[in-house]
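Engineer: Input file: target27.txt. Contents: compact mmCIF, C-alpha atoms.
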```txt
# COMPACT_ATOMS: atom_id res chain seq x y z
CA MET A 16 -4.42 -75.19 -9.25
CA GLU A 17 -6.27 -76.60 -6.26
CA GLY A 18 -6.84 -75.10 -2.83
CA ALA A 19 -5.94 -71.61 -1.68
CA PRO A 20 -3.26 -69.82 -3.71
CA ARG A 21 0.15 -69.70 -2.10
CA SER A 22 0.32 -65.92 -2.47
CA GLY A 23 -1.28 -63.02 -4.31
CA CYS A 24 1.83 -62.44 -6.44
CA PRO A 25 0.92 -62.35 -10.14
CA ILE A 26 3.94 -64.45 -11.15
CA ASN A 27 3.08 -67.09 -8.55
CA LEU A 28 -0.59 -67.12 -9.50
CA THR A 29 0.22 -67.43 -13.19
CA LEU A 30 2.50 -70.36 -12.44
CA GLU A 31 -0.18 -71.95 -10.26
CA MET A 32 -2.83 -71.50 -12.93
CA LEU A 33 -0.72 -72.84 -15.77
CA GLY A 34 0.07 -75.85 -13.63
CA ASP A 35 3.00 -77.89 -14.80
CA ARG A 36 4.87 -77.53 -18.07
CA TRP A 37 2.53 -79.87 -19.98
CA SER A 38 -0.31 -77.38 -19.71
CA LEU A 39 1.59 -74.79 -21.74
CA ILE A 40 2.66 -77.47 -24.25
CA VAL A 41 -1.02 -78.31 -24.82
CA ILE A 42 -1.92 -74.62 -25.22
CA ARG A 43 1.00 -74.21 -27.64
CA ASP A 44 -0.31 -77.07 -29.80
CA VAL A 45 -3.86 -75.71 -29.89
CA MET A 46 -2.54 -72.19 -30.58
CA PHE A 47 0.22 -72.72 -33.14
CA GLY A 48 -0.74 -76.13 -34.55
CA ASN A 49 -4.51 -75.59 -34.52
CA ARG A 50 -4.90 -79.06 -33.05
CA ARG A 51 -8.47 -79.03 -31.88
CA HIS A 52 -9.28 -82.71 -31.27
CA TYR A 53 -7.97 -85.04 -28.59
CA ARG A 54 -6.50 -87.45 -31.17
CA GLU A 55 -4.57 -84.70 -32.96
CA LEU A 56 -3.14 -83.43 -29.68
CA LEU A 57 -2.12 -86.96 -28.75
CA ASN A 58 -0.75 -88.26 -32.05
CA GLN A 59 0.91 -85.12 -33.42
CA SER A 60 2.71 -84.24 -30.18
CA GLU A 61 6.41 -83.57 -30.80
CA GLU A 62 7.08 -84.32 -27.16
CA GLY A 63 5.17 -87.59 -27.07
CA ILE A 64 2.62 -86.63 -24.44
CA ALA A 65 1.10 -89.65 -22.69
CA SER A 66 -2.65 -90.07 -23.04
CA ASN A 67 -3.36 -89.92 -19.31
CA ILE A 68 -1.34 -86.70 -18.95
CA LEU A 69 -3.10 -85.15 -21.94
CA ALA A 70 -6.53 -86.08 -20.56
CA ASP A 71 -5.64 -84.66 -17.15
CA ARG A 72 -4.24 -81.39 -18.52
CA LEU A 73 -7.22 -80.84 -20.83
CA LYS A 74 -9.49 -81.29 -17.81
CA ARG A 75 -7.47 -78.83 -15.74
CA LEU A 76 -7.30 -76.27 -18.57
CA LEU A 77 -11.09 -76.48 -18.99
CA GLU A 78 -11.56 -76.00 -15.24
CA ALA A 79 -9.15 -73.05 -15.26
CA GLY A 80 -11.07 -71.41 -18.09
CA LEU A 81 -8.17 -71.52 -20.54
CA LEU A 82 -9.86 -73.91 -22.94
CA SER A 83 -13.49 -74.49 -23.86
CA LYS A 84 -14.97 -77.66 -25.32
CA ARG A 85 -17.96 -78.27 -27.55
CA ASP A 86 -19.31 -80.98 -29.83
CA ASP A 87 -17.75 -80.94 -33.25
CA PRO A 88 -20.63 -80.52 -35.73
CA THR A 89 -18.62 -82.25 -38.47
CA HIS A 90 -17.52 -85.29 -36.46
CA ARG A 91 -20.06 -87.31 -34.56
CA GLN A 92 -18.82 -88.26 -31.07
CA LYS A 93 -15.87 -85.87 -31.33
CA SER A 94 -15.24 -82.76 -29.27
CA ILE A 95 -13.46 -79.65 -30.42
CA TYR A 96 -11.28 -77.63 -28.04
CA SER A 97 -10.96 -73.86 -28.36
CA LEU A 98 -8.78 -71.25 -26.73
CA THR A 99 -10.55 -68.76 -24.48
CA GLU A 100 -9.71 -65.05 -24.40
CA PRO A 101 -7.36 -65.49 -21.38
CA ALA A 102 -5.49 -68.24 -23.25
CA ILE A 103 -5.20 -66.05 -26.37
CA GLN A 104 -3.66 -63.37 -24.15
CA LEU A 105 -0.85 -65.82 -23.36
CA VAL A 106 0.66 -64.98 -26.77
CA PRO A 107 3.16 -62.38 -25.43
CA LEU A 108 4.25 -64.76 -22.65
CA LEU A 109 4.76 -67.63 -25.10
CA VAL A 110 6.64 -65.30 -27.45
CA GLN A 111 9.05 -64.34 -24.67
CA MET A 112 9.40 -67.99 -23.71
CA GLY A 113 10.28 -68.87 -27.28
CA ALA A 114 12.67 -65.93 -27.62
CA TRP A 115 14.51 -66.97 -24.48
CA GLY A 116 14.65 -70.58 -25.63
CA VAL A 117 16.14 -69.56 -28.98
CA ARG A 118 19.01 -67.82 -27.16
CA HIS A 119 19.69 -70.17 -24.28
CA THR A 120 18.65 -73.70 -25.21
CA PRO A 121 19.66 -76.15 -27.99
CA VAL A 122 16.72 -75.49 -30.28
CA SER A 123 16.30 -77.09 -33.69
CA GLU A 124 16.34 -74.73 -36.65
CA GLU A 125 12.96 -75.72 -38.05
CA LEU A 126 11.18 -75.53 -34.68
CA SER A 127 12.65 -72.14 -33.81
CA ILE A 128 11.98 -70.10 -36.96
CA ARG A 129 8.47 -69.25 -35.78
CA ALA A 130 9.75 -68.10 -32.38
CA ARG A 131 12.33 -65.88 -34.11
CA LEU A 132 9.74 -64.30 -36.40
CA LEU A 133 7.33 -63.68 -33.54
CA GLU A 134 10.01 -61.98 -31.48
CA GLN A 135 11.16 -59.84 -34.40
CA GLY A 136 7.60 -58.86 -35.27
CA GLY A 137 7.06 -57.31 -31.85
CA PRO A 138 3.72 -56.28 -30.32
CA ALA A 139 2.16 -55.39 -33.71
CA LEU A 140 2.61 -58.96 -34.93
CA TRP A 141 1.40 -60.41 -31.61
CA GLU A 142 -1.78 -58.34 -31.86
CA ALA A 143 -2.36 -59.51 -35.43
CA PHE A 144 -1.86 -63.10 -34.30
CA MET A 145 -4.26 -62.66 -31.39
CA ALA A 146 -6.87 -61.18 -33.76
CA GLU A 147 -6.50 -64.26 -35.96
CA LEU A 148 -6.84 -66.57 -32.94
CA ARG A 149 -10.00 -64.73 -31.87
CA ALA A 150 -11.43 -65.45 -35.32
CA MET A 151 -10.45 -69.12 -35.19
CA HIS A 152 -11.48 -69.81 -31.59
CA LEU A 153 -14.04 -67.21 -30.56
CA GLY A 154 -15.92 -66.50 -33.79
CA ALA A 155 -14.56 -62.95 -34.19
CA PRO A 156 -14.36 -61.45 -37.69
CA VAL A 157 -11.54 -62.91 -39.79
CA PRO A 158 -8.71 -60.38 -40.11
CA GLN A 159 -6.95 -59.77 -43.42
CA ARG A 160 -3.56 -60.85 -42.20
CA SER A 161 -2.93 -64.50 -41.37
CA VAL A 162 0.10 -64.72 -39.09
CA LEU A 163 -0.26 -68.51 -38.91
CA THR A 164 0.09 -68.74 -42.69
CA GLU A 165 3.23 -66.59 -42.57
CA LEU A 166 4.72 -68.69 -39.77
CA GLN A 167 3.87 -71.94 -41.53
CA ALA A 168 5.44 -70.74 -44.79
CA ALA A 169 8.65 -69.81 -42.95
CA PHE A 170 8.70 -73.20 -41.22
CA GLU A 171 8.26 -75.02 -44.54
CA ALA A 172 10.97 -72.92 -46.17
CA VAL A 173 13.43 -74.05 -43.48
CA LEU A 174 12.42 -77.68 -43.99
CA ALA A 175 12.87 -77.36 -47.75
CA GLN A 176 16.26 -75.72 -47.27
CA LYS A 177 17.39 -78.54 -45.01
CA ALA A 178 16.13 -81.23 -47.40
CA ARG A 179 18.12 -79.79 -50.32
CA PRO A 180 21.45 -81.64 -50.69
CA ALA A 181 24.39 -79.41 -49.85
CA ARG A 182 26.73 -78.70 -52.76
CA ALA A 183 29.94 -79.53 -50.88
CA PRO A 184 28.98 -81.66 -47.91
CA ARG A 185 31.54 -81.74 -45.13
CA LYS A 186 31.46 -83.81 -42.02
CA ARG A 187 31.34 -81.50 -39.05
CA SER A 188 31.28 -82.44 -35.43
CA ALA A 189 28.36 -81.25 -33.38
CA PRO A 190 29.03 -77.93 -31.61
CA MET B 22 16.08 -81.05 -16.95
CA GLU B 23 17.57 -84.53 -17.10
CA GLY B 24 18.07 -86.82 -20.11
CA ALA B 25 17.48 -86.00 -23.75
CA PRO B 26 15.12 -83.09 -24.41
CA ARG B 27 11.68 -84.07 -25.54
CA SER B 28 11.91 -81.84 -28.63
CA GLY B 29 13.92 -78.99 -30.11
CA CYS B 30 11.03 -76.53 -29.73
CA PRO B 31 12.15 -73.39 -27.89
CA ILE B 32 8.99 -73.24 -25.75
CA ASN B 33 9.41 -76.87 -24.72
CA LEU B 34 13.12 -76.46 -24.02
CA THR B 35 12.51 -73.33 -21.94
CA LEU B 36 9.90 -75.19 -19.91
CA GLU B 37 12.27 -78.14 -19.47
CA MET B 38 15.11 -75.88 -18.36
CA LEU B 39 13.04 -73.88 -15.91
CA GLY B 40 11.82 -77.13 -14.44
CA ASP B 41 8.77 -76.82 -12.28
CA ARG B 42 7.15 -73.64 -11.05
CA TRP B 43 9.31 -73.37 -7.93
CA SER B 44 12.38 -72.67 -10.04
CA LEU B 45 10.87 -69.46 -11.37
CA ILE B 46 9.69 -68.50 -7.86
CA VAL B 47 13.29 -68.79 -6.64
CA ILE B 48 14.59 -66.73 -9.56
CA ARG B 49 11.88 -64.13 -8.89
CA ASP B 50 13.00 -63.82 -5.25
CA VAL B 51 16.67 -63.43 -6.17
CA MET B 52 15.78 -60.95 -8.93
CA PHE B 53 13.12 -58.74 -7.36
CA GLY B 54 13.82 -59.29 -3.66
CA ASN B 55 17.61 -59.42 -3.91
CA ARG B 56 17.54 -62.46 -1.63
CA ARG B 57 21.01 -63.83 -2.03
CA HIS B 58 21.40 -66.25 0.87
CA TYR B 59 19.71 -69.58 1.48
CA ARG B 60 18.15 -68.39 4.74
CA GLU B 61 16.63 -65.28 3.17
CA LEU B 62 15.16 -67.34 0.35
CA LEU B 63 13.72 -69.77 2.87
CA ASN B 64 12.42 -67.41 5.55
CA GLN B 65 11.17 -64.52 3.43
CA SER B 66 9.30 -66.70 0.94
CA GLU B 67 5.73 -65.45 0.43
CA GLU B 68 4.76 -68.90 -0.77
CA GLY B 69 6.32 -70.79 2.13
CA ILE B 70 8.78 -72.84 0.12
CA ALA B 71 9.88 -76.01 1.95
CA SER B 72 13.58 -76.29 2.72
CA ASN B 73 14.07 -79.51 0.76
CA ILE B 74 12.38 -78.03 -2.30
CA LEU B 75 14.47 -74.86 -2.04
CA ALA B 76 17.70 -76.86 -1.72
CA ASP B 77 16.77 -79.01 -4.71
CA ARG B 78 15.80 -76.08 -6.93
CA LEU B 79 18.95 -74.13 -6.06
CA LYS B 80 20.98 -77.18 -7.06
CA ARG B 81 19.09 -77.54 -10.34
CA LEU B 82 19.37 -73.84 -11.13
CA LEU B 83 23.13 -73.96 -10.52
CA GLU B 84 23.42 -77.00 -12.79
CA ALA B 85 21.35 -75.31 -15.47
CA GLY B 86 23.59 -72.25 -15.35
CA LEU B 87 20.84 -69.88 -14.21
CA LEU B 88 22.43 -69.17 -10.83
CA SER B 89 26.02 -69.03 -9.65
CA LYS B 90 27.23 -69.49 -6.09
CA ARG B 91 30.27 -68.16 -4.27
CA ASP B 92 31.47 -67.67 -0.72
CA ASP B 93 30.12 -64.53 0.87
CA PRO B 94 33.17 -62.48 1.92
CA THR B 95 31.15 -60.77 4.67
CA HIS B 96 29.64 -63.92 6.22
CA ARG B 97 31.83 -66.81 7.13
CA GLN B 98 30.28 -70.16 6.17
CA LYS B 99 27.64 -68.45 4.06
CA SER B 100 27.20 -68.62 0.29
CA ILE B 101 25.83 -65.92 -1.91
CA TYR B 102 23.74 -66.73 -4.97
CA SER B 103 23.84 -64.57 -8.09
CA LEU B 104 21.84 -64.46 -11.30
CA THR B 105 23.71 -65.36 -14.47
CA GLU B 106 23.25 -63.51 -17.76
CA PRO B 107 20.72 -66.10 -19.04
CA ALA B 108 18.69 -65.64 -15.84
CA ILE B 109 18.80 -61.85 -16.19
CA GLN B 110 17.43 -62.28 -19.70
CA LEU B 111 14.33 -63.88 -18.17
CA VAL B 112 13.11 -60.36 -17.25
CA PRO B 113 10.83 -59.96 -20.33
CA LEU B 114 9.36 -63.44 -19.73
CA LEU B 115 8.69 -62.68 -16.05
CA VAL B 116 7.19 -59.30 -17.00
CA GLN B 117 4.73 -60.99 -19.37
CA MET B 118 3.94 -63.59 -16.73
CA GLY B 119 3.20 -60.83 -14.22
CA ALA B 120 1.16 -58.84 -16.73
CA TRP B 121 -0.96 -61.88 -17.53
CA GLY B 122 -1.42 -62.65 -13.84
CA VAL B 123 -2.58 -59.11 -13.13
CA ARG B 124 -5.36 -59.51 -15.73
CA HIS B 125 -6.46 -63.08 -15.17
CA THR B 126 -5.73 -64.14 -11.59
CA PRO B 127 -6.84 -62.85 -8.14
CA VAL B 128 -3.69 -60.85 -7.39
CA SER B 129 -3.24 -58.75 -4.28
CA GLU B 130 -2.85 -55.02 -4.85
CA GLU B 131 0.50 -54.67 -3.10
CA LEU B 132 2.05 -57.66 -4.81
CA SER B 133 0.89 -56.58 -8.27
CA ILE B 134 1.95 -52.92 -8.41
CA ARG B 135 5.46 -53.88 -9.53
CA ALA B 136 4.10 -56.11 -12.30
CA ARG B 137 1.87 -53.26 -13.50
CA LEU B 138 4.74 -50.78 -13.56
CA LEU B 139 7.04 -53.20 -15.38
CA GLU B 140 4.42 -53.85 -18.03
CA GLN B 141 3.68 -50.14 -18.49
CA GLY B 142 7.36 -49.29 -18.70
CA GLY B 143 7.85 -51.54 -21.72
CA PRO B 144 11.18 -52.69 -23.17
CA ALA B 145 13.03 -49.49 -22.15
CA LEU B 146 12.29 -50.14 -18.49
CA TRP B 147 13.15 -53.85 -18.81
CA GLU B 148 16.51 -52.94 -20.30
CA ALA B 149 17.20 -50.50 -17.46
CA PHE B 150 16.26 -53.19 -14.95
CA MET B 151 18.53 -55.73 -16.64
CA ALA B 152 21.41 -53.24 -16.58
CA GLU B 153 20.86 -52.82 -12.84
CA LEU B 154 20.77 -56.60 -12.33
CA ARG B 155 24.03 -56.94 -14.28
CA ALA B 156 25.59 -54.46 -11.85
CA MET B 157 24.22 -56.28 -8.79
CA HIS B 158 24.96 -59.83 -9.93
CA LEU B 159 27.69 -59.70 -12.56
CA GLY B 160 29.84 -56.77 -11.47
CA ALA B 161 28.88 -54.55 -14.40
CA PRO B 162 29.03 -50.74 -13.95
CA VAL B 163 26.21 -49.36 -11.81
CA PRO B 164 23.68 -47.54 -13.99
CA GLN B 165 22.20 -44.20 -12.95
CA ARG B 166 18.66 -45.45 -12.84
CA SER B 167 17.60 -47.89 -10.14
CA VAL B 168 14.44 -49.64 -11.27
CA LEU B 169 14.39 -51.71 -8.07
CA THR B 170 14.24 -48.52 -5.99
CA GLU B 171 11.34 -47.24 -8.09
CA LEU B 172 9.48 -50.54 -7.77
CA GLN B 173 10.10 -50.72 -4.04
CA ALA B 174 8.85 -47.15 -3.55
CA ALA B 175 5.65 -47.94 -5.45
CA PHE B 176 5.15 -51.11 -3.40
CA GLU B 177 5.59 -49.19 -0.13
CA ALA B 178 3.21 -46.45 -1.31
CA VAL B 179 0.50 -49.09 -1.84
CA LEU B 180 1.16 -50.54 1.62
CA ALA B 181 0.98 -47.08 3.21
CA GLN B 182 -2.24 -46.36 1.33
CA LYS B 183 -3.80 -49.57 2.58
CA ALA B 184 -2.67 -48.96 6.17
CA ARG B 185 -4.28 -45.50 6.30
CA PRO B 186 -7.71 -45.71 7.95
CA ALA B 187 -10.50 -44.92 5.51
CA ARG B 188 -12.52 -41.81 6.38
CA ALA B 189 -15.88 -43.55 6.11
CA PRO B 190 -15.22 -47.23 6.63
CA ARG B 191 -17.92 -49.56 5.41
CA LYS B 192 -18.13 -53.24 5.80
CA ARG B 193 -17.90 -54.83 2.38
CA SER B 194 -18.08 -58.47 1.52
CA ALA B 195 -15.11 -59.94 -0.23
CA PRO B 196 -15.43 -59.84 -4.03
```
If you took the structure in this file and wrote it as structure tokens, what would it be?
Structural biologist:
Amino acid sequence: MEGAPRSGCPINLTLEMLGDRWSLIVIRDVMFGNRRHYRELLNQSEEGIASNILADRLKRLLEAGLLSKRDDPTHRQKSIYSLTEPAIQLVPLLVQMGAWGVRHTPVSEELSIRARLLEQGGPALWEAFMAELRAMHLGAPVPQRSVLTELQAAFEAVLAQKARPARAPRKRSAP
Amino acid sequence: MEGAPRSGCPINLTLEMLGDRWSLIVIRDVMFGNRRHYRELLNQSEEGIASNILADRLKRLLEAGLLSKRDDPTHRQKSIYSLTEPAIQLVPLLVQMGAWGVRHTPVSEELSIRARLLEQGGPALWEAFMAELRAMHLGAPVPQRSVLTELQAAFEAVLAQKARPARAPRKRSAP
């Protein structure tokens, strides 16, 4: 992120710009969780991000032009973070990252349903999601379809399913 | 990569498994450059990877099951690294990473032509490329189409184009 890039290769430059893995975690939380304030990003983090790391990554993402920051008109002394157009265009990359994780890592069921739906939906769904993000973050017209609402409903359905007591519970060892 | 995962989110787990950015650079070089020996990975690195970082990332990638290593029958005392099936399935992720880099980072023309072609080719081209990688790395039957040959030809065409003296050269400042 600092100094001359190591090479002009687009994969290298993308990796340099996104910095370390925490940067993409922060973008994920703004994008999918609509966490727009520092406190939300800190306190609702599934991965328990440390406050100094969060502050550093927000600063870097602002400098890299992936986030923008403005005063929140509804909360005195609070700032609201928004995705920029380049960050919104990370949707296909994050979808592929989620799709790969679903296949090759020990994901939890409730945290992977959204990744599965986004992969299955293909480019048409990603475009609809990006249109919704442009409305939420860039002031574009609000589209009819809310992909976030669909994803959230699927997530909650999995949680409800898991909370329901099984009819014939059996003790099974972990795979 | 070590200890309990921070969360069961597929994006987080993918980021944890891929480790830092050098891991994906190494996979890129094995995948697109067919660099299979330690020395090739070290000496042909566009980004100038340091030998201790390369050795560490190869070790981590082997442990994570993204690379395999065997004796090279044609070179005594040399090892050959191969992609595993999970690593081959990173193709769509790397394509999206390259496509994003082409749009939002200062890529060089010669190092971005392959990313452009892979994006334009869409899933059909990615599948053909993965079939070729399975032949090269996993001993699968060799497919008719060689995507690597096509990408290499396009890369060399850009280099040849840039080497040709312009008819009316003008001094232009860098953009």
Engineer: Could you check which of A:Met145, A:Val162, A:Ile128, A:Ala168 is closest to Gly29 (chain B), using only C-alpha atoms?
Structural biologist: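 Closest to Gly29 (chain B), using only C-alpha atoms: A:Ile128.
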Engineer: So that I can see what lies close to Val51 (chain B), please list as a ChimeraX atom specification the residues with an atom at most 12 Å from it, counting all atoms listed in the file and leaving out residues fewer than 6 positions away in the same chain.
Structural biologist: /B:44-45,57-59,61-63,65-66,79,82,87-89,101-105,108-109,154,157-158
Engineer: With only C-alpha atoms considered, list every residue of chain A at most 6 Å from chain B, as a PyMOL selection string.
Structural biologist: chain A and resi 21-26+29-30+36+62+108+111-113+116-117+122-123+126
Engineer: Please determine, counting only C-alpha atoms, which residue among B:Ala71, B:Val179, B:Gln173, B:Glu153 has the shortest atom-to-atom distance to Gly54 (chain B).
Structural biologist: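 Checking each of B:Ala71, B:Val179, B:Gln173, B:Glu153 against Gly54 (chain B), counting only C-alpha atoms, the winner is B:Gln173.
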Engineer: With all atoms of region 100-111 of chain A from the file as input, state the centre and edge lengths in Å to one decimal of the axis-aligned box that has 3 Å extra on each side, as AutoDock Vina command-line options.
Structural biologist:
```
--center_x -0.3 --center_y -65.3 --center_z -24.4 --size_x 24.8 --size_y 11.9 --size_z 12.1
```
Engineer: Least-squares superpose chain B onto chain A - every C-alpha atom, paired in order - and show me the moved coordinates as a compact mmCIF listing (two decimals) with C-alpha atoms, in the coordinates of the input.
Structural biologist:
```txt
# COMPACT_ATOMS: atom_id res chain seq x y z
CA MET B 22 -4.48 -75.15 -9.23
CA GLU B 23 -6.31 -76.60 -6.25
CA GLY B 24 -6.88 -75.08 -2.79
CA ALA B 25 -6.02 -71.59 -1.64
CA PRO B 26 -3.34 -69.81 -3.67
CA ARG B 27 0.03 -69.65 -2.04
CA SER B 28 0.20 -65.86 -2.43
CA GLY B 29 -1.43 -62.98 -4.28
CA CYS B 30 1.68 -62.37 -6.41
CA PRO B 31 0.80 -62.30 -10.11
CA ILE B 32 3.84 -64.38 -11.12
CA ASN B 33 2.99 -67.02 -8.52
CA LEU B 34 -0.69 -67.06 -9.46
CA THR B 35 0.13 -67.37 -13.17
CA LEU B 36 2.42 -70.30 -12.41
CA GLU B 37 -0.26 -71.91 -10.24
CA MET B 38 -2.90 -71.47 -12.93
CA LEU B 39 -0.77 -72.80 -15.75
CA GLY B 40 0.03 -75.80 -13.60
CA ASP B 41 2.98 -77.81 -14.76
CA ARG B 42 4.85 -77.46 -18.02
CA TRP B 43 2.57 -79.81 -19.95
CA SER B 44 -0.30 -77.34 -19.69
CA LEU B 45 1.60 -74.75 -21.70
CA ILE B 46 2.69 -77.43 -24.21
CA VAL B 47 -0.98 -78.27 -24.80
CA ILE B 48 -1.90 -74.61 -25.20
CA ARG B 49 1.02 -74.16 -27.61
CA ASP B 50 -0.25 -77.05 -29.77
CA VAL B 51 -3.81 -75.70 -29.88
CA MET B 52 -2.52 -72.18 -30.58
CA PHE B 53 0.27 -72.70 -33.10
CA GLY B 54 -0.68 -76.10 -34.53
CA ASN B 55 -4.44 -75.58 -34.53
CA ARG B 56 -4.81 -79.06 -33.04
CA ARG B 57 -8.38 -79.05 -31.88
CA HIS B 58 -9.17 -82.72 -31.27
CA TYR B 59 -7.87 -85.05 -28.59
CA ARG B 60 -6.37 -87.43 -31.15
CA GLU B 61 -4.45 -84.69 -32.96
CA LEU B 62 -3.06 -83.41 -29.67
CA LEU B 63 -2.01 -86.93 -28.74
CA ASN B 64 -0.61 -88.21 -32.04
CA GLN B 65 1.04 -85.07 -33.40
CA SER B 66 2.80 -84.18 -30.15
CA GLU B 67 6.50 -83.47 -30.74
CA GLU B 68 7.17 -84.23 -27.10
CA GLY B 69 5.27 -87.52 -27.02
CA ILE B 70 2.72 -86.55 -24.40
CA ALA B 71 1.21 -89.59 -22.65
CA SER B 72 -2.54 -90.04 -23.03
CA ASN B 73 -3.25 -89.89 -19.30
CA ILE B 74 -1.26 -86.68 -18.94
CA LEU B 75 -3.02 -85.13 -21.94
CA ALA B 76 -6.45 -86.08 -20.58
CA ASP B 77 -5.60 -84.65 -17.17
CA ARG B 78 -4.21 -81.38 -18.52
CA LEU B 79 -7.19 -80.86 -20.84
CA LYS B 80 -9.46 -81.31 -17.84
CA ARG B 81 -7.45 -78.84 -15.76
CA LEU B 82 -7.31 -76.30 -18.58
CA LEU B 83 -11.08 -76.52 -19.02
CA GLU B 84 -11.57 -76.03 -15.28
CA ALA B 85 -9.20 -73.08 -15.26
CA GLY B 86 -11.11 -71.46 -18.10
CA LEU B 87 -8.19 -71.54 -20.55
CA LEU B 88 -9.88 -73.95 -22.95
CA SER B 89 -13.49 -74.55 -23.89
CA LYS B 90 -14.93 -77.74 -25.36
CA ARG B 91 -17.90 -78.36 -27.61
CA ASP B 92 -19.23 -81.06 -29.89
CA ASP B 93 -17.65 -81.02 -33.31
CA PRO B 94 -20.52 -80.62 -35.80
CA THR B 95 -18.48 -82.34 -38.52
CA HIS B 96 -17.39 -85.39 -36.48
CA ARG B 97 -19.91 -87.39 -34.58
CA GLN B 98 -18.67 -88.36 -31.11
CA LYS B 99 -15.76 -85.95 -31.36
CA SER B 100 -15.14 -82.82 -29.30
CA ILE B 101 -13.39 -79.72 -30.44
CA TYR B 102 -11.23 -77.68 -28.08
CA SER B 103 -10.95 -73.91 -28.39
CA LEU B 104 -8.78 -71.28 -26.75
CA THR B 105 -10.56 -68.80 -24.50
CA GLU B 106 -9.74 -65.09 -24.42
CA PRO B 107 -7.43 -65.51 -21.38
CA ALA B 108 -5.53 -68.24 -23.25
CA ILE B 109 -5.23 -66.06 -26.36
CA GLN B 110 -3.73 -63.37 -24.14
CA LEU B 111 -0.90 -65.78 -23.33
CA VAL B 112 0.63 -64.96 -26.75
CA PRO B 113 3.10 -62.32 -25.41
CA LEU B 114 4.17 -64.70 -22.61
CA LEU B 115 4.72 -67.57 -25.07
CA VAL B 116 6.61 -65.23 -27.42
CA GLN B 117 9.00 -64.25 -24.61
CA MET B 118 9.38 -67.90 -23.64
CA GLY B 119 10.27 -68.77 -27.23
CA ALA B 120 12.63 -65.82 -27.57
CA TRP B 121 14.46 -66.84 -24.41
CA GLY B 122 14.65 -70.45 -25.56
CA VAL B 123 16.13 -69.43 -28.90
CA ARG B 124 18.98 -67.65 -27.08
CA HIS B 125 19.68 -70.00 -24.20
CA THR B 126 18.65 -73.55 -25.13
CA PRO B 127 19.71 -76.00 -27.90
CA VAL B 128 16.75 -75.35 -30.20
CA SER B 129 16.35 -76.96 -33.60
CA GLU B 130 16.38 -74.59 -36.56
CA GLU B 131 13.00 -75.60 -37.95
CA LEU B 132 11.24 -75.45 -34.61
CA SER B 133 12.69 -72.04 -33.74
CA ILE B 134 12.02 -70.01 -36.89
CA ARG B 135 8.49 -69.17 -35.73
CA ALA B 136 9.76 -68.01 -32.33
CA ARG B 137 12.33 -65.78 -34.05
CA LEU B 138 9.74 -64.23 -36.34
CA LEU B 139 7.30 -63.63 -33.48
CA GLU B 140 9.98 -61.91 -31.43
CA GLN B 141 11.12 -59.76 -34.35
CA GLY B 142 7.56 -58.80 -35.22
CA GLY B 143 7.00 -57.25 -31.79
CA PRO B 144 3.65 -56.24 -30.29
CA ALA B 145 2.09 -55.36 -33.68
CA LEU B 146 2.57 -58.92 -34.90
CA TRP B 147 1.35 -60.39 -31.59
CA GLU B 148 -1.82 -58.33 -31.84
CA ALA B 149 -2.40 -59.51 -35.42
CA PHE B 150 -1.88 -63.10 -34.29
CA MET B 151 -4.31 -62.67 -31.40
CA ALA B 152 -6.91 -61.21 -33.76
CA GLU B 153 -6.52 -64.29 -35.96
CA LEU B 154 -6.85 -66.61 -32.95
CA ARG B 155 -10.02 -64.77 -31.88
CA ALA B 156 -11.44 -65.49 -35.34
CA MET B 157 -10.43 -69.17 -35.22
CA HIS B 158 -11.47 -69.87 -31.63
CA LEU B 159 -14.03 -67.27 -30.60
CA GLY B 160 -15.92 -66.55 -33.81
CA ALA B 161 -14.58 -63.02 -34.19
CA PRO B 162 -14.36 -61.51 -37.72
CA VAL B 163 -11.53 -62.95 -39.80
CA PRO B 164 -8.71 -60.41 -40.12
CA GLN B 165 -6.95 -59.80 -43.43
CA ARG B 166 -3.57 -60.86 -42.18
CA SER B 167 -2.91 -64.50 -41.36
CA VAL B 168 0.10 -64.70 -39.08
CA LEU B 169 -0.23 -68.49 -38.90
CA THR B 170 0.14 -68.73 -42.68
CA GLU B 171 3.26 -66.56 -42.55
CA LEU B 172 4.75 -68.65 -39.75
CA GLN B 173 3.92 -71.90 -41.50
CA ALA B 174 5.51 -70.68 -44.75
CA ALA B 175 8.70 -69.74 -42.91
CA PHE B 176 8.76 -73.13 -41.17
CA GLU B 177 8.35 -74.96 -44.49
CA ALA B 178 11.06 -72.82 -46.11
CA VAL B 179 13.51 -73.93 -43.40
CA LEU B 180 12.52 -77.57 -43.92
CA ALA B 181 12.98 -77.25 -47.69
CA GLN B 182 16.35 -75.59 -47.17
CA LYS B 183 17.50 -78.40 -44.92
CA ALA B 184 16.25 -81.09 -47.32
CA ARG B 185 18.20 -79.65 -50.27
CA PRO B 186 21.50 -81.52 -50.70
CA ALA B 187 24.48 -79.29 -49.98
CA ARG B 188 26.76 -78.70 -52.97
CA ALA B 189 29.93 -79.66 -51.12
CA PRO B 190 28.87 -81.86 -48.25
CA ARG B 191 31.38 -82.22 -45.46
CA LYS B 192 31.18 -84.39 -42.46
CA ARG B 193 30.97 -82.20 -39.39
CA SER B 194 30.82 -83.28 -35.81
CA ALA B 195 27.81 -82.20 -33.85
CA PRO B 196 28.33 -78.90 -32.01
```
Engineer: Can you measure CA of Leu169 (chain B) to CA of Lys90 (chain B) for me? One decimal in Å is fine.
Structural biologist: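 Taking CA of Leu169 (chain B) as the start and CA of Lys90 (chain B) as the end point, the length is 22.0 Å.
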Engineer: Give me, please, the distance in Å between CA of Asn58 (chain A) and CA of Arg179 (chain A), quoted to one decimal.
Structural biologist: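 According to the coordinates, CA of Asn58 (chain A) and CA of Arg179 (chain A) are separated by 27.6 Å.
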